[in-house]
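Source file structure31.cif; content: mmCIF, N, CA and C atoms.
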data_final
#
loop_
_atom_site.label_atom_id
_atom_site.label_comp_id
_atom_site.auth_asym_id
_atom_site.auth_seq_id
_atom_site.Cartn_x
_atom_site.Cartn_y
_atom_site.Cartn_z
N MET O 1 0.82 -1.19 0.00
CA MET O 1 0.00 0.00 0.00
C MET O 1 0.86 1.25 0.00
N THR O 2 1.96 1.24 0.74
CA THR O 2 2.84 2.40 0.79
C THR O 2 3.47 2.67 -0.57
N ASP O 3 3.83 1.61 -1.31
CA ASP O 3 4.42 1.79 -2.64
C ASP O 3 3.46 2.54 -3.56
N THR O 4 2.18 2.20 -3.50
CA THR O 4 1.19 2.87 -4.33
C THR O 4 1.07 4.34 -3.95
N LEU O 5 1.07 4.63 -2.65
CA LEU O 5 1.01 6.02 -2.21
C LEU O 5 2.25 6.79 -2.62
N ASP O 6 3.42 6.17 -2.50
CA ASP O 6 4.67 6.81 -2.90
C ASP O 6 4.68 7.11 -4.40
N GLU O 7 4.21 6.13 -5.19
CA GLU O 7 4.16 6.32 -6.64
C GLU O 7 3.21 7.45 -6.99
N THR O 8 2.04 7.49 -6.35
CA THR O 8 1.07 8.54 -6.62
C THR O 8 1.64 9.90 -6.23
N ALA O 9 2.31 9.98 -5.10
CA ALA O 9 2.90 11.24 -4.66
C ALA O 9 3.99 11.69 -5.62
N SER O 10 4.78 10.75 -6.13
CA SER O 10 5.86 11.13 -7.05
C SER O 10 5.31 11.59 -8.39
N LEU O 11 4.09 11.23 -8.70
CA LEU O 11 3.47 11.65 -9.96
C LEU O 11 2.54 12.84 -9.78
N ALA O 12 2.53 13.42 -8.58
CA ALA O 12 1.68 14.58 -8.33
C ALA O 12 2.16 15.75 -9.17
N ILE O 13 1.24 16.39 -9.84
CA ILE O 13 1.56 17.53 -10.70
C ILE O 13 1.13 18.80 -9.97
N PRO O 14 2.05 19.71 -9.72
CA PRO O 14 1.74 20.90 -8.94
C PRO O 14 0.97 21.97 -9.72
N MET O 15 -0.22 21.60 -10.19
CA MET O 15 -1.05 22.58 -10.91
C MET O 15 -2.49 22.08 -11.00
N ASP O 16 -3.37 22.98 -11.31
CA ASP O 16 -4.79 22.67 -11.50
C ASP O 16 -4.93 21.70 -12.68
N PRO O 17 -5.84 20.72 -12.58
CA PRO O 17 -5.99 19.76 -13.68
C PRO O 17 -6.32 20.40 -15.03
N ASP O 18 -7.16 21.43 -15.05
CA ASP O 18 -7.49 22.08 -16.32
C ASP O 18 -6.26 22.71 -16.95
N VAL O 19 -5.41 23.29 -16.12
CA VAL O 19 -4.16 23.89 -16.61
C VAL O 19 -3.26 22.79 -17.18
N ALA O 20 -3.15 21.68 -16.48
CA ALA O 20 -2.32 20.57 -16.94
C ALA O 20 -2.83 20.02 -18.27
N PHE O 21 -4.15 19.82 -18.38
CA PHE O 21 -4.71 19.29 -19.63
C PHE O 21 -4.49 20.26 -20.78
N ASN O 22 -4.65 21.55 -20.53
CA ASN O 22 -4.42 22.54 -21.57
C ASN O 22 -2.94 22.55 -21.98
N ALA O 23 -2.06 22.44 -21.00
CA ALA O 23 -0.62 22.48 -21.29
C ALA O 23 -0.19 21.35 -22.20
N ILE O 24 -0.76 20.17 -22.03
CA ILE O 24 -0.35 19.03 -22.85
C ILE O 24 -1.37 18.71 -23.95
N GLY O 25 -2.25 19.65 -24.21
CA GLY O 25 -3.28 19.45 -25.23
C GLY O 25 -2.77 19.60 -26.65
N ASN O 26 -1.53 19.97 -26.81
CA ASN O 26 -0.94 20.16 -28.13
C ASN O 26 0.23 19.19 -28.30
N SER O 27 0.34 18.57 -29.46
CA SER O 27 1.37 17.56 -29.66
C SER O 27 2.78 18.13 -29.56
N ARG O 28 3.01 19.34 -30.00
CA ARG O 28 4.35 19.92 -29.87
C ARG O 28 4.69 20.18 -28.41
N ARG O 29 3.73 20.62 -27.64
CA ARG O 29 4.01 20.84 -26.22
C ARG O 29 4.27 19.51 -25.51
N ARG O 30 3.53 18.46 -25.90
CA ARG O 30 3.81 17.14 -25.31
C ARG O 30 5.22 16.69 -25.66
N ARG O 31 5.65 16.92 -26.87
CA ARG O 31 7.00 16.52 -27.28
C ARG O 31 8.07 17.31 -26.52
N VAL O 32 7.80 18.58 -26.24
CA VAL O 32 8.74 19.38 -25.44
C VAL O 32 8.87 18.77 -24.05
N VAL O 33 7.73 18.45 -23.44
CA VAL O 33 7.73 17.88 -22.08
C VAL O 33 8.49 16.56 -22.07
N LEU O 34 8.22 15.70 -23.04
CA LEU O 34 8.91 14.41 -23.09
C LEU O 34 10.42 14.58 -23.31
N SER O 35 10.79 15.48 -24.18
CA SER O 35 12.20 15.72 -24.44
C SER O 35 12.90 16.24 -23.19
N LEU O 36 12.30 17.20 -22.52
CA LEU O 36 12.93 17.76 -21.31
C LEU O 36 12.99 16.76 -20.18
N SER O 37 12.06 15.83 -20.14
CA SER O 37 12.09 14.83 -19.08
C SER O 37 13.31 13.91 -19.20
N ARG O 38 13.87 13.83 -20.41
CA ARG O 38 15.06 13.01 -20.65
C ARG O 38 16.35 13.81 -20.55
N ALA O 39 16.24 15.13 -20.47
CA ALA O 39 17.43 15.99 -20.48
C ALA O 39 17.92 16.24 -19.05
N SER O 40 19.22 16.32 -18.91
CA SER O 40 19.80 16.60 -17.60
C SER O 40 20.37 18.01 -17.54
N ARG O 41 20.04 18.81 -18.54
CA ARG O 41 20.57 20.17 -18.62
C ARG O 41 19.56 21.06 -19.35
N ALA O 42 19.87 22.33 -19.40
CA ALA O 42 19.06 23.25 -20.20
C ALA O 42 19.22 22.86 -21.67
N VAL O 43 18.12 22.87 -22.39
CA VAL O 43 18.15 22.46 -23.79
C VAL O 43 17.95 23.69 -24.67
N PRO O 44 18.85 23.92 -25.60
CA PRO O 44 18.67 25.04 -26.52
C PRO O 44 17.42 24.84 -27.39
N THR O 45 16.70 25.91 -27.61
CA THR O 45 15.46 25.83 -28.38
C THR O 45 15.69 25.28 -29.78
N ASN O 46 16.83 25.62 -30.39
CA ASN O 46 17.08 25.10 -31.73
C ASN O 46 17.25 23.58 -31.73
N GLU O 47 17.80 23.00 -30.65
CA GLU O 47 17.89 21.54 -30.54
C GLU O 47 16.51 20.91 -30.42
N LEU O 48 15.66 21.54 -29.61
CA LEU O 48 14.27 21.05 -29.50
C LEU O 48 13.57 21.10 -30.85
N ALA O 49 13.78 22.18 -31.58
CA ALA O 49 13.14 22.34 -32.88
C ALA O 49 13.55 21.23 -33.84
N VAL O 50 14.83 20.89 -33.85
CA VAL O 50 15.32 19.82 -34.73
C VAL O 50 14.71 18.49 -34.31
N GLU O 51 14.73 18.20 -33.00
CA GLU O 51 14.19 16.93 -32.51
C GLU O 51 12.70 16.80 -32.86
N ILE O 52 11.94 17.85 -32.63
CA ILE O 52 10.50 17.79 -32.89
C ILE O 52 10.22 17.72 -34.39
N ALA O 53 10.96 18.46 -35.20
CA ALA O 53 10.78 18.40 -36.64
C ALA O 53 11.09 16.99 -37.15
N ALA O 54 12.10 16.36 -36.59
CA ALA O 54 12.44 14.99 -37.00
C ALA O 54 11.31 14.03 -36.67
N ILE O 55 10.73 14.17 -35.49
CA ILE O 55 9.62 13.30 -35.09
C ILE O 55 8.41 13.53 -36.01
N GLU O 56 8.07 14.79 -36.22
CA GLU O 56 6.89 15.12 -37.03
C GLU O 56 7.04 14.67 -38.48
N ASN O 57 8.26 14.66 -38.98
CA ASN O 57 8.49 14.28 -40.37
C ASN O 57 9.00 12.85 -40.52
N ALA O 58 9.09 12.15 -39.38
CA ALA O 58 9.54 10.75 -39.36
C ALA O 58 10.87 10.57 -40.11
N ILE O 59 11.82 11.45 -39.75
CA ILE O 59 13.15 11.37 -40.36
C ILE O 59 14.21 11.47 -39.27
N ASP O 60 15.42 11.11 -39.63
CA ASP O 60 16.55 11.24 -38.72
C ASP O 60 16.81 12.73 -38.48
N PRO O 61 17.15 13.11 -37.25
CA PRO O 61 17.42 14.53 -36.98
C PRO O 61 18.48 15.14 -37.91
N SER O 62 19.44 14.34 -38.34
CA SER O 62 20.47 14.87 -39.24
C SER O 62 19.91 15.21 -40.62
N LYS O 63 18.72 14.74 -40.93
CA LYS O 63 18.09 14.99 -42.23
C LYS O 63 17.08 16.14 -42.19
N VAL O 64 16.90 16.75 -41.02
CA VAL O 64 15.94 17.85 -40.90
C VAL O 64 16.48 19.05 -41.67
N GLY O 65 15.64 19.56 -42.57
CA GLY O 65 16.02 20.72 -43.37
C GLY O 65 15.73 22.02 -42.65
N SER O 66 16.24 23.07 -43.20
CA SER O 66 16.08 24.40 -42.62
C SER O 66 14.61 24.80 -42.52
N ASP O 67 13.82 24.51 -43.54
CA ASP O 67 12.39 24.88 -43.53
C ASP O 67 11.64 24.18 -42.41
N GLU O 68 11.89 22.87 -42.25
CA GLU O 68 11.20 22.13 -41.18
C GLU O 68 11.61 22.64 -39.80
N ARG O 69 12.91 22.84 -39.61
CA ARG O 69 13.40 23.32 -38.33
C ARG O 69 12.87 24.72 -38.03
N THR O 70 12.90 25.60 -39.00
CA THR O 70 12.46 26.97 -38.80
C THR O 70 10.98 27.04 -38.45
N SER O 71 10.17 26.24 -39.11
CA SER O 71 8.73 26.22 -38.83
C SER O 71 8.46 25.82 -37.38
N VAL O 72 9.12 24.78 -36.93
CA VAL O 72 8.93 24.31 -35.55
C VAL O 72 9.51 25.34 -34.57
N TYR O 73 10.69 25.85 -34.87
CA TYR O 73 11.35 26.84 -34.00
C TYR O 73 10.44 28.05 -33.77
N ILE O 74 9.86 28.57 -34.83
CA ILE O 74 9.00 29.75 -34.71
C ILE O 74 7.79 29.45 -33.83
N SER O 75 7.15 28.31 -34.03
CA SER O 75 5.97 27.99 -33.21
C SER O 75 6.35 27.76 -31.75
N LEU O 76 7.53 27.17 -31.53
CA LEU O 76 7.98 26.97 -30.15
C LEU O 76 8.23 28.30 -29.46
N THR O 77 8.98 29.18 -30.12
CA THR O 77 9.38 30.43 -29.47
C THR O 77 8.27 31.46 -29.41
N GLN O 78 7.32 31.40 -30.32
CA GLN O 78 6.25 32.40 -30.32
C GLN O 78 5.00 31.96 -29.58
N GLN O 79 4.89 30.66 -29.28
CA GLN O 79 3.66 30.20 -28.64
C GLN O 79 3.89 29.13 -27.58
N HIS O 80 4.36 27.99 -27.97
CA HIS O 80 4.33 26.82 -27.09
C HIS O 80 5.21 26.93 -25.85
N LEU O 81 6.43 27.42 -25.99
CA LEU O 81 7.31 27.50 -24.82
C LEU O 81 6.81 28.55 -23.83
N GLU O 82 6.26 29.63 -24.32
CA GLU O 82 5.67 30.64 -23.43
C GLU O 82 4.48 30.06 -22.67
N THR O 83 3.65 29.30 -23.37
CA THR O 83 2.50 28.66 -22.73
C THR O 83 2.95 27.73 -21.62
N LEU O 84 3.92 26.87 -21.91
CA LEU O 84 4.42 25.93 -20.91
C LEU O 84 5.11 26.65 -19.75
N ASP O 85 5.82 27.72 -20.04
CA ASP O 85 6.51 28.49 -19.00
C ASP O 85 5.51 29.20 -18.09
N GLU O 86 4.48 29.78 -18.66
CA GLU O 86 3.49 30.53 -17.87
C GLU O 86 2.82 29.68 -16.81
N VAL O 87 2.63 28.40 -17.10
CA VAL O 87 1.94 27.52 -16.14
C VAL O 87 2.91 26.68 -15.31
N GLY O 88 4.21 26.86 -15.53
CA GLY O 88 5.19 26.18 -14.70
C GLY O 88 5.61 24.80 -15.13
N VAL O 89 5.28 24.42 -16.35
CA VAL O 89 5.67 23.09 -16.83
C VAL O 89 7.16 23.07 -17.17
N VAL O 90 7.67 24.18 -17.71
CA VAL O 90 9.08 24.33 -18.04
C VAL O 90 9.51 25.74 -17.64
N ASP O 91 10.81 25.94 -17.62
CA ASP O 91 11.37 27.28 -17.50
C ASP O 91 11.96 27.63 -18.85
N TYR O 92 11.41 28.65 -19.48
CA TYR O 92 11.90 29.09 -20.78
C TYR O 92 12.58 30.44 -20.63
N ASP O 93 13.85 30.50 -21.00
CA ASP O 93 14.61 31.74 -20.96
C ASP O 93 14.64 32.31 -22.37
N ASP O 94 13.85 33.35 -22.59
CA ASP O 94 13.72 33.94 -23.91
C ASP O 94 15.02 34.58 -24.38
N ARG O 95 15.83 35.06 -23.45
CA ARG O 95 17.10 35.69 -23.83
C ARG O 95 18.10 34.68 -24.37
N SER O 96 18.29 33.59 -23.63
CA SER O 96 19.28 32.59 -24.06
C SER O 96 18.66 31.53 -24.96
N LYS O 97 17.34 31.58 -25.11
CA LYS O 97 16.60 30.59 -25.92
C LYS O 97 16.90 29.17 -25.46
N THR O 98 16.82 28.98 -24.12
CA THR O 98 17.00 27.65 -23.55
C THR O 98 15.78 27.29 -22.71
N VAL O 99 15.57 26.00 -22.56
CA VAL O 99 14.44 25.48 -21.82
C VAL O 99 14.95 24.47 -20.80
N THR O 100 14.46 24.57 -19.57
CA THR O 100 14.83 23.61 -18.53
C THR O 100 13.56 23.05 -17.90
N SER O 101 13.71 21.89 -17.30
CA SER O 101 12.57 21.23 -16.66
C SER O 101 12.28 21.88 -15.31
N THR O 102 11.06 21.62 -14.80
CA THR O 102 10.63 22.07 -13.49
C THR O 102 10.13 20.86 -12.72
N ASP O 103 9.59 21.08 -11.53
CA ASP O 103 9.01 19.98 -10.75
C ASP O 103 7.81 19.35 -11.44
N ALA O 104 7.20 20.07 -12.36
CA ALA O 104 6.02 19.55 -13.06
C ALA O 104 6.37 18.76 -14.32
N THR O 105 7.57 18.91 -14.83
CA THR O 105 7.92 18.30 -16.11
C THR O 105 7.84 16.77 -16.07
N GLU O 106 8.56 16.14 -15.14
CA GLU O 106 8.59 14.68 -15.11
C GLU O 106 7.23 14.05 -14.80
N PRO O 107 6.47 14.55 -13.82
CA PRO O 107 5.16 13.95 -13.60
C PRO O 107 4.25 14.05 -14.83
N LEU O 108 4.28 15.20 -15.51
CA LEU O 108 3.47 15.32 -16.73
C LEU O 108 3.98 14.38 -17.81
N ALA O 109 5.30 14.26 -17.94
CA ALA O 109 5.86 13.36 -18.94
C ALA O 109 5.44 11.92 -18.68
N GLU O 110 5.42 11.53 -17.42
CA GLU O 110 5.01 10.17 -17.08
C GLU O 110 3.55 9.92 -17.47
N TYR O 111 2.69 10.89 -17.22
CA TYR O 111 1.29 10.73 -17.63
C TYR O 111 1.15 10.70 -19.14
N ILE O 112 1.93 11.49 -19.85
CA ILE O 112 1.91 11.46 -21.31
C ILE O 112 2.34 10.08 -21.81
N ARG O 113 3.43 9.55 -21.24
CA ARG O 113 3.90 8.21 -21.65
C ARG O 113 2.83 7.15 -21.37
N ARG O 114 2.20 7.23 -20.21
CA ARG O 114 1.15 6.25 -19.88
C ARG O 114 -0.02 6.35 -20.84
N LEU O 115 -0.41 7.57 -21.19
CA LEU O 115 -1.52 7.76 -22.12
C LEU O 115 -1.16 7.25 -23.51
N GLN O 116 0.07 7.52 -23.94
CA GLN O 116 0.50 7.03 -25.25
C GLN O 116 0.50 5.51 -25.29
N THR O 117 0.87 4.88 -24.18
CA THR O 117 0.88 3.42 -24.11
C THR O 117 -0.54 2.86 -24.10
N ALA O 118 -1.44 3.54 -23.41
CA ALA O 118 -2.81 3.06 -23.26
C ALA O 118 -3.66 3.28 -24.52
N CYS O 119 -3.31 4.27 -25.31
CA CYS O 119 -4.10 4.60 -26.50
C CYS O 119 -3.56 3.87 -27.72
N TYR O 120 -4.42 3.69 -28.67
CA TYR O 120 -4.01 3.12 -29.93
C TYR O 120 -4.90 3.71 -31.01
N LYS O 121 -4.42 3.67 -32.23
CA LYS O 121 -5.18 4.16 -33.37
C LYS O 121 -5.83 2.96 -34.05
N PRO O 122 -7.16 2.89 -34.01
CA PRO O 122 -7.83 1.74 -34.63
C PRO O 122 -7.54 1.67 -36.13
N ASP O 123 -7.43 0.47 -36.63
CA ASP O 123 -7.24 0.26 -38.06
C ASP O 123 -8.58 0.48 -38.73
N PRO O 124 -8.66 1.42 -39.69
CA PRO O 124 -9.94 1.72 -40.34
C PRO O 124 -10.58 0.51 -41.00
N GLU O 125 -9.75 -0.45 -41.46
CA GLU O 125 -10.30 -1.64 -42.11
C GLU O 125 -10.97 -2.56 -41.09
N GLU O 126 -10.53 -2.51 -39.82
CA GLU O 126 -11.14 -3.37 -38.79
C GLU O 126 -12.52 -2.87 -38.40
N THR O 127 -12.78 -1.57 -38.53
CA THR O 127 -14.07 -1.02 -38.12
C THR O 127 -15.11 -1.10 -39.21
N ALA O 128 -14.70 -1.44 -40.42
CA ALA O 128 -15.64 -1.50 -41.55
C ALA O 128 -16.39 -2.80 -41.59
#

Would you write out, as structure tokens, the structure that this file holds?
Amino acid sequence: MTDTLDETASLAIPMDPDVAFNAIGNSRRRRVVLSLSRASRAVPTNELAVEIAAIENAIDPSKVGSDERTSVYISLTQQHLETLDEVGVVDYDDRSKTVTSTDATEPLAEYIRRLQTACYKPDPEETA
């Protein structure tokens, strides 16, 4: 019983549920949270942009072109990172263009991973 309580406490997210759902309601913001949960340092925004562009285009990060990276970079810096920073999911430094995790990053990342594992995309041919 104590293990279950400890696990639940370690996954506690220090924010209102509506704020948490809104924060991870966008796929790019979810990818930022997951990426930062694996990082042990501040991550430059341009590195995040390359990683996310690679995921979205299903290509190796070394193959990400300037257009793909720039598109993701602009949306991260003009919208998504500010949104995540405002609610405390990440710390975004607009001057240095770096992002670091907060106490909310890992618990949210764990819930995202659990949801990704629990969900599946039905095969359209199976439903016909």

Output check: residues returned by the PyMOL selection byres ((chain O and resi 74-90) around 5), as a PyMOL selection string
chain O and resi 70-73+91-92+100-102+105

Please provide as a JSON list (two decimals) with N, CA and C atoms, keeping the file's coordinate frame all residues within 6.5 Å of range 13-16 of chain O, with the sequence filter that same-chain residues fewer than 6 positions apart are discarded (counting all atoms listed in the file).
[["chain", "number", "residue", "atom", "x", "y", "z"],
["O", 103, "ASP", "N", 9.59, 21.08, -11.53],
["O", 103, "ASP", "CA", 9.01, 19.98, -10.75],
["O", 103, "ASP", "C", 7.81, 19.35, -11.44],
["O", 104, "ALA", "N", 7.20, 20.07, -12.36],
["O", 104, "ALA", "CA", 6.02, 19.55, -13.06],
["O", 104, "ALA", "C", 6.37, 18.76, -14.32],
["O", 107, "PRO", "N", 6.47, 14.55, -13.82],
["O", 107, "PRO", "CA", 5.16, 13.95, -13.60],
["O", 107, "PRO", "C", 4.25, 14.05, -14.83],
["O", 108, "LEU", "N", 4.28, 15.20, -15.51],
["O", 108, "LEU", "CA", 3.47, 15.32, -16.73],
["O", 108, "LEU", "C", 3.98, 14.38, -17.81]]

In Å to one decimal, how far is atom C of Asn26 in chain O from atom N of Thr45 in chain O?
17.8 Å

Residue among O:Ala49, O:Ala39, O:Val64, O:Ala23 lying closest to Glu106 in chain O, counting only C-alpha atoms
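Ranking O:Ala49, O:Ala39, O:Val64, O:Ala23 by distance to Glu106 in chain O, first place goes to O:Ala39.
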
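The interatomic distance for the pair atom N of Leu48 in chain O and atom N of Val99 in chain O works out to 8.3 Å.
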
Would you please extract all strand (DSSP E) residues from chain O, as assigned by DSSP on the backbone, and give them as a PDB file with N, CA and C atoms, in the frame of the given file?
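And here is the file that came out, result_10.pdb:
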ATOM      1  N   VAL O  43      18.120  22.870 -22.390  1.00  0.00           N
ATOM      2  CA  VAL O  43      18.150  22.460 -23.790  1.00  0.00           C
ATOM      3  C   VAL O  43      17.950  23.690 -24.670  1.00  0.00           C
ATOM      4  N   PRO O  44      18.850  23.920 -25.600  1.00  0.00           N
ATOM      5  CA  PRO O  44      18.670  25.040 -26.520  1.00  0.00           C
ATOM      6  C   PRO O  44      17.420  24.840 -27.390  1.00  0.00           C
ATOM      7  N   VAL O  90       7.670  24.180 -17.710  1.00  0.00           N
ATOM      8  CA  VAL O  90       9.080  24.330 -18.040  1.00  0.00           C
ATOM      9  C   VAL O  90       9.510  25.740 -17.640  1.00  0.00           C
ATOM     10  N   ASP O  91      10.810  25.940 -17.620  1.00  0.00           N
ATOM     11  CA  ASP O  91      11.370  27.280 -17.500  1.00  0.00           C
ATOM     12  C   ASP O  91      11.960  27.630 -18.850  1.00  0.00           C
ATOM     13  N   TYR O  92      11.410  28.650 -19.480  1.00  0.00           N
ATOM     14  CA  TYR O  92      11.900  29.090 -20.780  1.00  0.00           C
ATOM     15  C   TYR O  92      12.580  30.440 -20.630  1.00  0.00           C
ATOM     16  N   ASP O  93      13.850  30.500 -21.000  1.00  0.00           N
ATOM     17  CA  ASP O  93      14.610  31.740 -20.960  1.00  0.00           C
ATOM     18  C   ASP O  93      14.640  32.310 -22.370  1.00  0.00           C
ATOM     19  N   THR O  98      16.820  28.980 -24.120  1.00  0.00           N
ATOM     20  CA  THR O  98      17.000  27.650 -23.550  1.00  0.00           C
ATOM     21  C   THR O  98      15.780  27.290 -22.710  1.00  0.00           C
ATOM     22  N   VAL O  99      15.570  26.000 -22.560  1.00  0.00           N
ATOM     23  CA  VAL O  99      14.440  25.480 -21.820  1.00  0.00           C
ATOM     24  C   VAL O  99      14.950  24.470 -20.800  1.00  0.00           C
ATOM     25  N   THR O 100      14.460  24.570 -19.570  1.00  0.00           N
ATOM     26  CA  THR O 100      14.830  23.610 -18.530  1.00  0.00           C
ATOM     27  C   THR O 100      13.560  23.050 -17.900  1.00  0.00           C
ATOM     28  N   SER O 101      13.710  21.890 -17.300  1.00  0.00           N
ATOM     29  CA  SER O 101      12.570  21.230 -16.660  1.00  0.00           C
ATOM     30  C   SER O 101      12.280  21.880 -15.310  1.00  0.00           C
TER      31      SER O 101
END

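Among the candidates O:Glu47, O:Ser40, O:Glu125, O:Leu34, the residue lying nearest to Arg113 in chain O is O:Leu34 (atoms considered: all atoms listed in the file).
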
Residues of chain O in alpha helix (DSSP H) according to DSSP, as a ChimeraX atom specification?
/O:2-10,17-23,27-38,45-57,66-75,81-86,105-118,124-127

Could you tell me how far atom N of Phe21 in chain O lies from CA of Tyr111 in chain O, in Å and to one decimal?
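For atom N of Phe21 in chain O relative to CA of Tyr111 in chain O, the distance reads 10.6 Å.
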
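Distances from O:Asn46, O:Glu68, O:Glu51, O:Pro61 to Arg31 in chain O were compared using only N, CA and C atoms, and the smallest one belongs to O:Glu51.
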
Of the candidates O:Pro44, O:Pro17, O:Leu11, O:Gly25, which one gets nearest to Thr98 in chain O if we count only C-alpha atoms?
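That would be O:Pro44, the residue with the smallest distance to Thr98 in chain O.
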